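Okay, target_36.tsv is below, TSV, C-alpha atoms:
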chain	number	residue	atom	x	y	z
A	1	MET	CA	86.20	49.69	102.84
A	2	GLU	CA	88.02	51.98	105.27
A	3	THR	CA	84.81	52.53	107.26
A	4	LEU	CA	84.26	48.77	107.47
A	5	PHE	CA	87.83	48.35	108.70
A	6	HIS	CA	87.30	50.95	111.44
A	7	THR	CA	84.07	49.25	112.54
A	8	LEU	CA	85.69	45.80	112.67
A	9	LEU	CA	88.69	47.21	114.53
A	10	THR	CA	86.45	48.80	117.15
A	11	LEU	CA	84.54	45.54	117.66
A	12	LEU	CA	87.78	43.57	117.97
A	13	LEU	CA	89.15	46.04	120.50
A	14	PHE	CA	85.93	45.83	122.49
A	15	VAL	CA	86.16	42.03	122.60
A	16	ALA	CA	89.82	42.27	123.62
A	17	ILE	CA	89.02	44.14	126.84
A	18	SER	CA	85.58	42.67	127.52
A	19	HIS	CA	86.99	40.03	129.87
A	20	THR	CA	87.98	42.83	132.27
A	21	LEU	CA	84.49	44.34	132.31
A	22	PRO	CA	81.23	43.29	134.00
A	23	PRO	CA	78.41	41.86	131.86
A	24	LEU	CA	76.57	44.41	129.74
A	25	ALA	CA	73.44	45.83	131.31
A	26	GLY	CA	71.90	46.69	127.96
A	27	SER	CA	72.65	47.98	124.50
A	28	PHE	CA	75.34	50.54	123.72
A	29	PRO	CA	74.24	54.05	124.81
A	30	ILE	CA	75.28	55.54	121.47
A	31	SER	CA	74.15	54.18	118.12
A	32	ASN	CA	73.83	54.95	114.42
A	33	ILE	CA	70.15	55.86	114.78
A	34	PHE	CA	71.40	59.44	115.00
A	35	PRO	CA	71.81	60.77	111.45
A	36	ALA	CA	74.26	63.48	112.52
A	37	VAL	CA	76.39	64.51	115.50
A	38	PHE	CA	77.08	68.04	116.71
A	39	ASN	CA	79.85	68.34	119.29
A	40	PHE	CA	80.78	71.09	121.76
A	41	GLY	CA	83.81	71.12	124.02
A	42	ASP	CA	87.53	71.69	124.55
A	43	SER	CA	90.72	69.89	123.51
A	44	ASN	CA	89.34	66.54	124.65
A	45	SER	CA	87.21	66.54	121.49
A	46	ASP	CA	88.73	69.28	119.29
A	47	THR	CA	89.29	67.83	115.81
A	48	GLY	CA	90.88	71.01	114.46
A	49	GLU	CA	88.70	73.95	115.49
A	50	LEU	CA	91.27	75.98	117.43
A	51	SER	CA	94.05	75.45	114.90
A	52	SER	CA	91.70	76.46	112.08
A	53	GLY	CA	90.40	79.48	113.99
A	54	LEU	CA	93.80	80.80	115.06
A	55	GLY	CA	95.69	79.66	111.98
A	56	PHE	CA	98.32	77.23	113.29
A	57	LEU	CA	99.11	73.52	113.32
A	58	PRO	CA	100.30	71.50	116.32
A	59	GLN	CA	103.93	70.41	116.42
A	60	PRO	CA	104.94	67.53	114.08
A	61	SER	CA	105.02	65.18	117.10
A	62	TYR	CA	101.23	65.33	117.30
A	63	GLU	CA	98.89	62.89	115.49
A	64	LYS	CA	101.67	60.63	114.18
A	65	THR	CA	100.23	57.41	115.59
A	66	TYR	CA	97.17	57.40	113.33
A	67	PHE	CA	96.98	60.45	111.07
A	68	ARG	CA	100.75	60.42	110.40
A	69	THR	CA	100.91	64.22	110.03
A	70	PRO	CA	99.54	66.99	112.29
A	71	THR	CA	97.13	68.27	109.64
A	72	SER	CA	93.86	67.86	111.54
A	73	GLY	CA	94.76	69.90	114.62
A	74	ARG	CA	94.09	67.30	117.29
A	75	PHE	CA	95.96	67.72	120.59
A	76	CYS	CA	96.93	64.07	120.79
A	77	ASN	CA	99.27	61.62	119.10
A	78	GLY	CA	96.26	60.12	117.28
A	79	ARG	CA	92.53	59.69	117.70
A	80	LEU	CA	90.35	61.22	120.40
A	81	ILE	CA	87.48	59.67	122.34
A	82	VAL	CA	84.99	61.28	119.97
A	83	ASP	CA	86.81	59.75	116.99
A	84	PHE	CA	86.44	56.25	118.41
A	85	LEU	CA	82.77	56.87	119.18
A	86	MET	CA	82.18	58.00	115.59
A	87	GLU	CA	83.88	54.84	114.33
A	88	ALA	CA	81.66	52.73	116.58
A	89	ILE	CA	78.47	54.14	115.02
A	90	ASP	CA	79.87	54.10	111.49
A	91	ARG	CA	80.01	57.86	111.17
A	92	PRO	CA	82.82	59.96	109.65
A	93	TYR	CA	85.13	61.91	111.92
A	94	LEU	CA	83.60	65.26	112.75
A	95	ARG	CA	84.72	68.19	110.63
A	96	PRO	CA	85.48	71.40	112.56
A	97	TYR	CA	83.13	74.32	112.01
A	98	LEU	CA	85.98	76.68	111.07
A	99	ASP	CA	87.76	74.24	108.76
A	100	SER	CA	87.92	75.97	105.39
A	101	ILE	CA	89.86	73.29	103.48
A	102	SER	CA	88.84	69.64	103.78
A	103	ARG	CA	87.73	66.55	101.87
A	104	GLN	CA	85.01	66.05	104.47
A	105	SER	CA	81.45	67.28	104.20
A	106	TYR	CA	79.21	68.48	107.02
A	107	ARG	CA	76.29	66.22	106.14
A	108	ARG	CA	76.80	63.92	109.13
A	109	GLY	CA	77.56	66.65	111.63
A	110	CYS	CA	79.92	69.38	112.73
A	111	ASN	CA	82.40	69.90	115.55
A	112	PHE	CA	82.45	73.21	117.45
A	113	ALA	CA	84.81	72.05	120.22
A	114	ALA	CA	87.99	74.13	120.52
A	115	ALA	CA	91.04	73.43	122.66
A	116	ALA	CA	91.45	75.53	125.81
A	117	SER	CA	87.78	76.55	125.73
A	118	THR	CA	85.70	77.06	128.84
A	119	ILE	CA	82.02	77.06	129.70
A	120	GLN	CA	82.50	80.59	130.99
A	121	LYS	CA	82.91	83.45	128.55
A	122	ALA	CA	86.48	83.93	127.35
A	123	ASN	CA	88.40	86.98	128.58
A	124	ALA	CA	91.54	88.82	127.48
A	125	ALA	CA	93.75	86.20	129.13
A	126	SER	CA	91.98	83.22	127.52
A	127	TYR	CA	93.96	81.16	125.02
A	128	SER	CA	90.76	80.23	123.19
A	129	PRO	CA	88.15	82.84	122.28
A	130	PHE	CA	85.63	80.09	121.58
A	131	GLY	CA	83.84	79.65	124.91
A	132	PHE	CA	80.73	77.49	125.16
A	133	GLY	CA	78.39	80.41	124.46
A	134	VAL	CA	80.32	81.25	121.29
A	135	GLN	CA	80.23	77.61	120.20
A	136	VAL	CA	76.45	77.54	120.59
A	137	SER	CA	76.20	80.79	118.60
A	138	GLN	CA	78.37	79.24	115.90
A	139	PHE	CA	75.99	76.30	115.73
A	140	ILE	CA	72.95	78.57	115.41
A	141	THR	CA	74.66	80.47	112.58
A	142	PHE	CA	75.73	77.21	110.95
A	143	LYS	CA	72.22	75.77	111.05
A	144	SER	CA	70.62	78.93	109.67
A	145	LYS	CA	73.03	79.20	106.75
A	146	VAL	CA	72.87	75.49	105.95
A	147	LEU	CA	69.08	75.44	105.75
A	148	GLN	CA	69.08	78.59	103.60
A	149	LEU	CA	71.54	77.02	101.18
A	150	ILE	CA	69.59	73.76	100.92
A	151	GLN	CA	66.41	75.72	100.30
A	152	GLN	CA	68.15	77.47	97.41
A	153	ASP	CA	69.69	74.29	96.01
A	154	GLU	CA	68.43	70.86	97.10
A	155	GLU	CA	71.55	69.20	95.67
A	156	LEU	CA	73.51	70.66	98.58
A	157	GLY	CA	71.68	68.20	100.82
A	158	ARG	CA	74.30	65.69	99.70
A	159	TYR	CA	76.92	67.67	101.61
A	160	LEU	CA	75.01	69.49	104.34
A	161	PRO	CA	72.67	68.30	107.14
A	162	SER	CA	68.96	68.67	106.46
A	163	GLU	CA	66.36	69.95	108.93
A	164	TYR	CA	65.64	66.30	109.82
A	165	TYR	CA	69.33	65.72	110.65
A	166	PHE	CA	69.39	68.73	112.97
A	167	LYS	CA	66.21	67.58	114.71
A	168	LYS	CA	67.20	63.92	115.10
A	169	GLY	CA	70.91	64.47	115.58
A	170	LEU	CA	72.96	63.84	118.73
A	171	TYR	CA	74.33	66.86	120.61
A	172	MET	CA	77.50	65.99	122.53
A	173	PHE	CA	79.26	67.96	125.28
A	174	ASP	CA	82.69	67.53	126.86
A	175	ILE	CA	83.61	70.82	128.49
A	176	GLY	CA	84.30	72.26	131.95
A	177	GLN	CA	87.80	70.93	132.60
A	178	ASN	CA	89.45	74.26	131.81
A	179	ASP	CA	87.01	76.21	133.98
A	180	ILE	CA	88.03	74.18	137.02
A	181	ALA	CA	91.73	73.73	136.28
A	182	GLY	CA	92.18	77.36	135.27
A	183	ALA	CA	90.47	78.71	138.38
A	184	PHE	CA	93.12	77.20	140.65
A	185	TYR	CA	95.75	79.62	139.36
A	186	SER	CA	94.06	82.47	141.21
A	187	LYS	CA	91.62	80.86	143.67
A	188	THR	CA	91.59	78.59	146.70
A	189	LEU	CA	89.71	75.29	146.68
A	190	ASP	CA	86.73	76.85	148.46
A	191	GLU	CA	86.63	79.69	145.94
A	192	VAL	CA	86.77	77.26	143.04
A	193	LEU	CA	83.91	75.24	144.50
A	194	ALA	CA	81.86	78.42	144.98
A	195	LEU	CA	82.26	79.10	141.25
A	196	VAL	CA	80.75	75.78	140.12
A	197	PRO	CA	77.03	76.80	140.29
A	198	THR	CA	77.74	79.83	138.09
A	199	ILE	CA	79.60	77.68	135.56
A	200	LEU	CA	76.70	75.23	135.38
A	201	ASP	CA	74.16	78.04	135.02
A	202	ILE	CA	76.03	79.12	131.90
A	203	PHE	CA	76.09	75.53	130.66
A	204	GLN	CA	72.34	75.19	131.13
A	205	ASP	CA	71.79	78.42	129.21
A	206	GLY	CA	73.58	76.80	126.28
A	207	ILE	CA	71.31	73.76	126.54
A	208	LYS	CA	68.30	76.08	126.55
A	209	ARG	CA	69.45	77.85	123.39
A	210	LEU	CA	70.07	74.56	121.60
A	211	TYR	CA	66.66	73.25	122.67
A	212	ALA	CA	65.09	76.34	121.13
A	213	GLU	CA	66.84	75.37	117.89
A	214	GLY	CA	65.25	71.93	117.96
A	215	ALA	CA	67.96	69.85	119.68
A	216	ARG	CA	66.41	66.91	121.53
A	217	ASN	CA	69.16	64.31	122.03
A	218	TYR	CA	71.88	65.33	124.50
A	219	TRP	CA	75.05	63.44	125.43
A	220	ILE	CA	76.99	64.95	128.38
A	221	HIS	CA	80.46	63.92	129.60
A	222	ASN	CA	81.49	64.83	133.10
A	223	THR	CA	85.09	65.91	133.72
A	224	GLY	CA	88.02	63.65	134.54
A	225	PRO	CA	90.48	63.50	137.48
A	226	LEU	CA	92.25	66.80	136.80
A	227	GLY	CA	94.65	66.30	139.70
A	228	CYS	CA	96.27	63.37	137.89
A	229	LEU	CA	97.48	65.43	134.92
A	230	ALA	CA	101.25	65.92	134.89
A	231	GLN	CA	100.86	69.64	134.28
A	232	VAL	CA	98.79	69.99	137.45
A	233	VAL	CA	101.11	67.77	139.49
A	234	SER	CA	104.20	69.71	138.36
A	235	ILE	CA	102.74	73.09	139.31
A	236	PHE	CA	100.48	72.36	142.29
A	237	GLY	CA	102.13	69.21	143.63
A	238	LYS	CA	105.49	70.60	144.68
A	239	ASP	CA	104.25	70.33	148.26
A	240	LYS	CA	103.96	66.54	148.57
A	241	SER	CA	101.32	66.90	151.26
A	242	LYS	CA	98.99	68.09	148.48
A	243	LEU	CA	99.24	64.71	146.75
A	244	ASP	CA	97.15	61.59	147.38
A	245	GLU	CA	98.52	58.05	147.54
A	246	PHE	CA	98.45	57.80	143.74
A	247	GLY	CA	100.49	60.95	143.19
A	248	CYS	CA	97.53	63.14	142.13
A	249	VAL	CA	96.75	66.63	143.47
A	250	SER	CA	93.89	66.15	145.94
A	251	ASP	CA	92.31	69.62	145.66
A	252	HIS	CA	91.91	69.42	141.88
A	253	ASN	CA	90.32	66.00	142.05
A	254	GLN	CA	88.02	67.15	144.85
A	255	ALA	CA	86.90	70.09	142.71
A	256	ALA	CA	86.32	67.78	139.73
A	257	LYS	CA	84.16	65.51	141.91
A	258	ILE	CA	82.05	68.42	143.18
A	259	PHE	CA	81.66	69.78	139.66
A	260	ASN	CA	80.51	66.34	138.52
A	261	LEU	CA	78.07	65.94	141.41
A	262	GLN	CA	76.43	69.25	140.61
A	263	LEU	CA	76.48	68.51	136.87
A	264	HIS	CA	74.72	65.22	137.60
A	265	ASP	CA	72.12	67.02	139.73
A	266	LEU	CA	71.49	69.35	136.80
A	267	PHE	CA	71.29	66.37	134.44
A	268	LYS	CA	68.48	64.84	136.52
A	269	LYS	CA	66.46	68.07	136.30
A	270	LEU	CA	66.90	68.73	132.59
A	271	PRO	CA	64.24	66.32	131.23
A	272	GLN	CA	61.54	68.07	133.26
A	273	GLN	CA	62.59	71.47	131.94
A	274	TYR	CA	62.98	70.36	128.32
A	275	PRO	CA	60.13	68.00	127.37
A	276	ASP	CA	60.42	65.41	124.64
A	277	SER	CA	64.20	65.28	125.09
A	278	ARG	CA	66.65	62.49	125.85
A	279	PHE	CA	69.68	63.09	128.06
A	280	THR	CA	72.67	60.78	128.56
A	281	TYR	CA	75.23	61.42	131.31
A	282	VAL	CA	78.60	59.70	130.88
A	283	ASP	CA	80.86	59.22	133.90
A	284	ILE	CA	84.25	59.94	132.35
A	285	PHE	CA	85.75	60.54	135.81
A	286	SER	CA	85.22	56.93	136.89
A	287	ILE	CA	86.62	55.50	133.65
A	288	LYS	CA	89.76	57.64	133.73
A	289	SER	CA	90.28	57.12	137.47
A	290	ASP	CA	90.09	53.37	136.98
A	291	LEU	CA	92.65	53.61	134.18
A	292	ILE	CA	95.05	55.70	136.27
A	293	LEU	CA	94.72	53.65	139.45
A	294	ASN	CA	94.90	50.29	137.67
A	295	HIS	CA	96.99	51.18	134.62
A	296	SER	CA	99.26	48.13	134.92
A	297	LYS	CA	96.24	45.84	134.84
A	298	TYR	CA	95.26	47.36	131.49
A	299	GLY	CA	98.70	47.13	129.90
A	300	PHE	CA	99.99	50.65	130.58
A	301	ASP	CA	103.36	51.30	132.23
A	302	HIS	CA	102.86	54.96	133.15
A	303	SER	CA	99.75	56.68	134.48
A	304	ILE	CA	100.98	60.24	135.12
A	305	MET	CA	104.42	60.51	133.52
A	306	VAL	CA	104.04	61.89	130.01
A	307	CYS	CA	105.10	60.35	126.72
A	308	CYS	CA	106.04	63.58	124.91
A	309	GLY	CA	108.06	65.66	127.34
A	310	THR	CA	111.43	66.33	128.89
A	311	GLY	CA	113.15	65.79	132.22
A	312	GLY	CA	112.65	62.07	132.73
A	313	PRO	CA	110.89	60.41	135.68
A	314	PRO	CA	108.78	60.94	137.64
A	315	LEU	CA	106.81	63.30	135.36
A	316	ASN	CA	108.96	63.87	132.25
A	317	TYR	CA	107.25	67.24	132.05
A	318	ASP	CA	108.36	70.87	131.99
A	319	ASP	CA	105.64	73.49	131.69
A	320	GLN	CA	108.09	75.78	129.86
A	321	VAL	CA	108.74	73.27	127.05
A	322	GLY	CA	105.71	71.98	125.14
A	323	CYS	CA	105.63	68.66	123.31
A	324	GLY	CA	107.80	68.77	120.18
A	325	LYS	CA	109.31	72.14	121.05
A	326	THR	CA	112.77	73.32	122.05
A	327	ALA	CA	112.89	76.12	124.61
A	328	ARG	CA	114.91	77.52	127.49
A	329	SER	CA	113.86	76.41	130.98
A	330	ASN	CA	115.75	77.47	134.11
A	331	GLY	CA	118.66	78.62	131.97
A	332	THR	CA	118.93	75.36	130.03
A	333	ILE	CA	117.87	74.62	126.44
A	334	LYS	CA	115.58	71.59	126.45
A	335	THR	CA	113.61	69.65	123.83
A	336	ALA	CA	110.40	67.78	124.58
A	337	LYS	CA	110.44	64.61	122.49
A	338	PRO	CA	107.86	61.80	122.14
A	339	CYS	CA	108.54	58.46	123.77
A	340	TYR	CA	109.23	55.29	121.81
A	341	ASP	CA	105.94	53.50	122.58
A	342	SER	CA	102.99	55.78	123.34
A	343	SER	CA	100.69	52.79	123.90
A	344	LYS	CA	102.34	52.31	127.29
A	345	TYR	CA	101.45	55.82	128.46
A	346	VAL	CA	98.13	57.24	129.65
A	347	ASN	CA	99.26	60.86	129.26
A	348	TRP	CA	100.57	62.24	126.00
A	349	ASP	CA	101.88	65.76	126.72
A	350	GLY	CA	101.02	66.61	130.32
A	351	ILE	CA	97.45	67.72	129.61
A	352	HIS	CA	96.02	65.38	126.98
A	353	TYR	CA	95.67	61.61	126.86
A	354	THR	CA	97.36	59.31	124.36
A	355	GLU	CA	95.41	57.61	121.59
A	356	ALA	CA	95.75	54.34	123.52
A	357	ALA	CA	94.16	55.90	126.61
A	358	ASN	CA	91.42	57.52	124.51
A	359	ARG	CA	90.66	54.13	122.99
A	360	PHE	CA	90.39	52.64	126.48
A	361	VAL	CA	87.95	55.34	127.59
A	362	ALA	CA	85.83	55.03	124.44
A	363	LEU	CA	85.56	51.27	124.71
A	364	HIS	CA	84.43	51.54	128.32
A	365	ILE	CA	81.83	54.11	127.31
A	366	LEU	CA	80.54	51.64	124.75
A	367	THR	CA	79.79	49.06	127.44
A	368	GLY	CA	76.97	51.25	128.73
A	369	LYS	CA	78.09	50.67	132.30
A	370	TYR	CA	79.15	54.27	132.80
A	371	SER	CA	76.15	55.96	131.24
A	372	GLU	CA	72.82	57.05	132.65
A	373	ARG	CA	69.90	57.96	130.39
A	374	LEU	CA	66.86	60.05	131.21
A	375	ARG	CA	63.84	61.26	129.33
A	376	LEU	CA	60.51	62.69	130.41

Whole structure given in structure tokens:
Amino acid sequence: METLFHTLLTLLLFVAISHTLPPLAGSFPISNIFPAVFNFGDSNSDTGELSSGLGFLPQPSYEKTYFRTPTSGRFCNGRLIVDFLMEAIDRPYLRPYLDSISRQSYRRGCNFAAAASTIQKANAASYSPFGFGVQVSQFITFKSKVLQLIQQDEELGRYLPSEYYFKKGLYMFDIGQNDIAGAFYSKTLDEVLALVPTILDIFQDGIKRLYAEGARNYWIHNTGPLGCLAQVVSIFGKDKSKLDEFGCVSDHNQAAKIFNLQLHDLFKKLPQQYPDSRFTYVDIFSIKSDLILNHSKYGFDHSIMVCCGTGGPPLNYDDQVGCGKTARSNGTIKTAKPCYDSSKYVNWDGIHYTEAANRFVALHILTGKYSERLRL
């Protein structure tokens, strides 16, 4: 009954915004023909991996809009884009790989995405040790153990994905944001741009390893307008000449665009290198940019100012005081509290989007307008 409710809600939400969108060019680019979903990424799609791996829960302010309590470890006030996509194809929310206690099974897929993760290998300064290469290794270990267990006891197939599910499943990727954003703390724009080919070489190596494991259906998100995040604006936008007419940091958005251009070039080459595969490229940058630039048109009051923060307009953000926390900043004790109505905000905590914004992005993905599909 709950699954039916989620499906009906998604359809109603899609109809509600459809008058603002162009006619559909075809069917939805994601469907329930995929028996399972395996996801790799960062906080944009982390359903509890980092909190399970490092043994913590987000502040009580997180997840209240939908989950009521911060027990799942999402860095949002509610559902993520991946959650809405799972609802749309009538699939359960993805269980994190490192989640040891849950009512969920892994039969319909597994989530390896961990907040703060990068495509590049983590180093001593990294907040997350679960870089993309580690996530792929976790998947390979997961698959091997699952198939061994099912071979020993076929009844476990009720709770774990079969060989068929691994082969026919959808492999989703939303990662790269932290590679670009993090590089700016020690590099110039030109140096960041010079790093992009190396980052994408590492990404392709992950694709290659997954292909060797039988993955054939790939779903790749590009990265969003990083320069429009309140955290970035507060740190790199002190010099107003660095901001564009919308209040976003130009260099960060330029780097995101170059990363996306090169990611798209790689996307076009992948089918030739990996035969009998299907690749979908989703232009998240365009969807989020449209939301930020035209937020009032879509019912949002604030595009950059955060919901859960401190300091008031124009950003309501202090990088020394995280959402839901009380800390000293510039000699003053401050508390970052959530706003009254998060549905009016695009940004939740300075880095992550609100559930309302995630819903907007997911529904636009479902139109098919922002997706490109290739196969050999």

- Query: Using only C-alpha atoms, which residues sit within 12 Å of Ser144 of chain A once same-chain residues fewer than 5 positions away are excluded, as a ChimeraX atom specification?
  - Reply: /A:137-139,149-151,160-163,166,213

- Task: Mind giving me the straight-line distance from atom CA of Val233 of chain A to atom CA of Ile199 of chain A in Å, one decimal?
- Result: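 Here the two named atoms are 24.0 Å from each other.
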
- Task: List the neighbours of segment 221-225 of chain A out to 6 Å using only C-alpha atoms; skip same-chain residues closer than 6 positions along the sequence, and give me the result as a ChimeraX atom specification.
- Result: /A:174,177,253,260,282-285

- For Ile304 of chain A: contacts at 10 Å, all atoms listed in the file, fewer than 5 positions along chain excluded, given as a list of chain:residue names: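 Everything that qualifies: A:Gly227, A:Cys228, A:Leu229, A:Ala230, A:Gln231, A:Val233, A:Phe246, A:Gly247, A:Cys248, A:Ile292, A:His295, A:Pro313, A:Pro314, A:Leu315, A:Asn316, A:Tyr317, A:Tyr345, A:Val346, A:Asn347, A:Trp348, A:Gly350, A:Ile351, A:Tyr353.
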
Take the residues from that selection and write them out as a PDB file, in the frame of the given file, keeping C-alpha atoms.
ATOM      1  CA  GLY A 227      94.650  66.300 139.700  1.00  0.00           C
ATOM      2  CA  CYS A 228      96.270  63.370 137.890  1.00  0.00           C
ATOM      3  CA  LEU A 229      97.480  65.430 134.920  1.00  0.00           C
ATOM      4  CA  ALA A 230     101.250  65.920 134.890  1.00  0.00           C
ATOM      5  CA  GLN A 231     100.860  69.640 134.280  1.00  0.00           C
ATOM      6  CA  VAL A 233     101.110  67.770 139.490  1.00  0.00           C
ATOM      7  CA  PHE A 246      98.450  57.800 143.740  1.00  0.00           C
ATOM      8  CA  GLY A 247     100.490  60.950 143.190  1.00  0.00           C
ATOM      9  CA  CYS A 248      97.530  63.140 142.130  1.00  0.00           C
ATOM     10  CA  ILE A 292      95.050  55.700 136.270  1.00  0.00           C
ATOM     11  CA  HIS A 295      96.990  51.180 134.620  1.00  0.00           C
ATOM     12  CA  PRO A 313     110.890  60.410 135.680  1.00  0.00           C
ATOM     13  CA  PRO A 314     108.780  60.940 137.640  1.00  0.00           C
ATOM     14  CA  LEU A 315     106.810  63.300 135.360  1.00  0.00           C
ATOM     15  CA  ASN A 316     108.960  63.870 132.250  1.00  0.00           C
ATOM     16  CA  TYR A 317     107.250  67.240 132.050  1.00  0.00           C
ATOM     17  CA  TYR A 345     101.450  55.820 128.460  1.00  0.00           C
ATOM     18  CA  VAL A 346      98.130  57.240 129.650  1.00  0.00           C
ATOM     19  CA  ASN A 347      99.260  60.860 129.260  1.00  0.00           C
ATOM     20  CA  TRP A 348     100.570  62.240 126.000  1.00  0.00           C
ATOM     21  CA  GLY A 350     101.020  66.610 130.320  1.00  0.00           C
ATOM     22  CA  ILE A 351      97.450  67.720 129.610  1.00  0.00           C
ATOM     23  CA  TYR A 353      95.670  61.610 126.860  1.00  0.00           C
TER      24      TYR A 353
END

- Given only C-alpha atoms as the counted atoms, nearest of A:Ser51, A:Ser61, A:Thr141, A:Asn217 to Pro271 of chain A: A:Asn217

- Suppose you want the space between atom CA of Asp46 of chain A and atom CA of Phe267 of chain A; what is it in Å? 23.3 Å

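One finds atom CA of Pro96 of chain A at 10.6 Å from atom CA of Arg74 of chain A.
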
- Query: For Asp251 of chain A, which residue out of A:Tyr93, A:Tyr281, A:Phe173, A:Phe184 is the nearest one, using all atoms listed in the file?
  - Reply: A:Phe184

- Item | Expected residue set, 12 Å radius at (107.3, 70.5, 131.9), all atoms listed in the file, as a PyMOL selection string | chain A and resi 229-235+305-330+334-337+349-351

- Task: Excluding Tyr171 of chain A and any residue of its chain fewer than 3 positions from it, enumerate the residues within 12 Å of it, using only C-alpha atoms, and give them as a VMD selection string.
- Result: chain A and resid 30 34 to 41 109 to 113 136 139 165 to 168 174 206 to 207 210 to 211 213 to 221 277 to 280

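Restricting the calculation to all atoms listed in the file, the smallest distance between Ser303 of chain A and any of A:Asp276, A:Asp153, A:Asp290, A:Asp244 is found for A:Asp290.
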
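Of the residues listed (A:Leu363, A:Leu80, A:Leu261, A:Leu98), A:Leu261 shows the shortest atom-to-atom separation from Pro197 of chain A; distances use only C-alpha atoms.
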
- Query: Which neighbours of Pro129 of chain A fall inside 10 Å, counting only C-alpha atoms, when residues of the same chain fewer than 6 positions from it are skipped, and could you give them as a ChimeraX atom specification?
  - Reply: /A:50,53-54,114-118,121-123,135

- Task: Name the residues, using the chain letters and numbers of the file, that sit within 12 Å of (77.6, 79.0, 135.1) when counting only C-alpha atoms, and give them as a PyMOL selection string.
- Result: chain A and resi 118-121+131-133+176+179-180+193-207+259+262-263+266
